[in-house]
Amino acid sequence: MSKDALLARAYESVLAGDEDEALAVAEATIAEGVDPLDVISEGFSRGMTRVGQLFADEEISLPEVIVAADVMQLGMSRLEEHIPRAQRPEPLATVVIGTAEGDVHDIGKRIVATMLSVNGFKVIDLGRDVPAGSFVDAATSNEADIVGCSALMTSTMIGMRTIEEALLTAGLKGRVKTMIGGAATTQEYADKIGADAYAENANDAVAVARELTGAR
Ligand code: HCB
């Protein structure tokens, strides 16, 4: 099966909420040696973005979004262990990442964490609904170079400002760089709260992380 056909099937499996099909696509990806990252970002993830548009246009309901998200996570989980990783003696830098407090959206953050990891960064993923203090604690104990935060809701992006303040209070602001992202956020918001960078998508996040740390 061609790569384009696999990408189309991955996209459709999320839209259709079809777990069996998502798993079949993942198996076919592995069997045919197609890059799992392409299937995640151009297949499953694109399907999830389309689901978001349909939900915003009130063409589908929340339970359908939940099913689509589960299908996306299932396909991703099967593929993650097959992603080729950059072979390096030392990680480029350490990134602590998580979703802002009160926010359970973690699909995009997980893609970013995977992309950073396969590109040679050490990633400590704190999960979702993470209080500012936990970002600071993890940054301290892991001697992190970057704290990355994701927010999908206007009500939770405020948590990113709290992280900036908490890093300042802990004396880490400046030494630890901050990168924000997620559909609720913008470059303008990053500037407003004093974050070091904004990343629009996972590829951008890798480029930004390299830039922030001077990594090559
Ligand atoms: Co959710 N939800 N949801 N949701 N949800 C959104 C986000 C809305 C925009 C939908 C809408 O109303 N149009 C909306 C938020 C409105 C707002 O505040 N502006 C919303 C709402 C309101 C809610 C609930 C409150 C609904 C309810 O219960 N009534 C509830 C929230 C509960 C809570 O968090 N406390 C809720 C629940 C859910 C689920 C559970 C059904 C599910 C999440 C499942 C999961 O993540 N495990 C869900 C989903 C899937 C969505 C939509 C449909 C898709 C989000 C998604 O996964 N996109 C979303 C609609 C939308 O965003 N248009 C909707 C795909 C990923 C790949 O994109 O932007 O997250 P991404 O990530 C990109 C990019 O931003 C960047 O890279 C990623 C990869 O390219 N990036 C970073 C992300 N994080 C980064 C961090 C960095 O440092 C750097 C880059």
# chains A, B, ... in the order shown; residues from 1 in each chain; ligands from 1

$ select_by_dssp --residues "region 2-197 of chain A" --states "helix (DSSP H, G or I)" --output "VMD selection string"
chain A and resid 3 to 16 19 to 31 36 to 56 62 to 80 107 to 118 132 to 141 158 to 169 187 to 193

$ residues_near_ligand --ligand "ligand 1" --cutoff "7 Å" --atoms "only C-alpha atoms and all ligand atoms" --output "JSON, numbers by chain"
{"A": [45, 48, 49, 51, 52, 53, 55, 56, 62, 63, 65, 66, 69, 97, 102, 103, 104, 105, 106, 107, 108, 109, 111, 112, 148, 149, 150, 151, 152, 153, 154, 155, 179, 180, 181, 182, 183, 184, 198, 199, 200, 201, 202, 205]}

$ residues_around --residues "Glu19 (chain A)" --least-positions-apart "3" --cutoff "9 Å" --atoms "only C-alpha atoms" --output "PyMOL selection string"
chain A and resi 13-14+16+22-24+67-68+70-72+74-75

$ residues_around --residues "Asp191 (chain A)" --least-positions-apart "5" --cutoff "12 Å" --atoms "only C-alpha atoms" --output "ChimeraX atom specification"
/A:160-161,164,178-180,185-186,196-198

$ write_last_selection --atoms "C-alpha atoms" --output "compact mmCIF listing (two decimals), in the first residue's frame"
# COMPACT_ATOMS: atom_id res chain seq x y z
CA MET A 160 1.37 29.66 31.77
CA ARG A 161 1.74 33.09 33.32
CA GLU A 164 6.61 32.30 34.45
CA THR A 178 10.11 28.65 28.43
CA MET A 179 8.21 27.53 25.35
CA ILE A 180 4.44 27.65 25.09
CA THR A 185 -1.95 30.31 22.57
CA THR A 186 -0.23 32.74 20.20
CA ASP A 196 10.87 32.88 25.77
CA ALA A 197 9.15 31.30 22.77
CA TYR A 198 5.93 30.19 21.12

$ atom_distance --atom1 "CA of Ile30 (chain A)" --atom2 "CA of Ala93 (chain A)"
29.1 Å

$ atom_distance --atom1 "CA of Leu92 (chain A)" --atom2 "CA of Gly159 (chain A)"
27.2 Å

$ residues_around --residues "Val39 (chain A)" --least-positions-apart "6" --cutoff "9 Å" --atoms "only C-alpha atoms" --output "number ranges by chain"
A: 3, 6-7, 10-11, 25-26, 29, 45, 76, 79

$ decode --residues "region 110-137 of chain A" --atoms "C-alpha atoms" --output "PDB file, in the first residue's frame"
ATOM      1  CA  ARG A 110       2.325  14.293  23.496  1.00  0.00           C
ATOM      2  CA  ILE A 111       3.192  14.770  19.821  1.00  0.00           C
ATOM      3  CA  VAL A 112       5.564  17.587  20.753  1.00  0.00           C
ATOM      4  CA  ALA A 113       7.180  15.415  23.462  1.00  0.00           C
ATOM      5  CA  THR A 114       7.644  12.560  20.980  1.00  0.00           C
ATOM      6  CA  MET A 115       9.125  14.839  18.314  1.00  0.00           C
ATOM      7  CA  LEU A 116      11.573  16.399  20.785  1.00  0.00           C
ATOM      8  CA  SER A 117      12.568  12.992  22.053  1.00  0.00           C
ATOM      9  CA  VAL A 118      13.214  11.444  18.630  1.00  0.00           C
ATOM     10  CA  ASN A 119      15.253  14.530  17.713  1.00  0.00           C
ATOM     11  CA  GLY A 120      17.700  13.979  20.551  1.00  0.00           C
ATOM     12  CA  PHE A 121      16.252  15.916  23.490  1.00  0.00           C
ATOM     13  CA  LYS A 122      15.740  14.326  26.892  1.00  0.00           C
ATOM     14  CA  VAL A 123      12.053  14.834  27.678  1.00  0.00           C
ATOM     15  CA  ILE A 124      10.355  14.647  31.050  1.00  0.00           C
ATOM     16  CA  ASP A 125       6.636  14.553  30.333  1.00  0.00           C
ATOM     17  CA  LEU A 126       4.621  15.571  33.393  1.00  0.00           C
ATOM     18  CA  GLY A 127       1.304  14.700  31.727  1.00  0.00           C
ATOM     19  CA  ARG A 128      -1.766  16.883  31.902  1.00  0.00           C
ATOM     20  CA  ASP A 129      -3.454  19.164  34.434  1.00  0.00           C
ATOM     21  CA  VAL A 130      -0.055  20.089  35.897  1.00  0.00           C
ATOM     22  CA  PRO A 131       0.223  22.821  38.580  1.00  0.00           C
ATOM     23  CA  ALA A 132       2.906  25.501  38.064  1.00  0.00           C
ATOM     24  CA  GLY A 133       4.815  24.284  41.130  1.00  0.00           C
ATOM     25  CA  SER A 134       5.280  20.843  39.584  1.00  0.00           C
ATOM     26  CA  PHE A 135       6.890  22.373  36.473  1.00  0.00           C
ATOM     27  CA  VAL A 136       9.324  24.271  38.704  1.00  0.00           C
ATOM     28  CA  ASP A 137      10.082  21.226  40.892  1.00  0.00           C
TER      29      ASP A 137
END
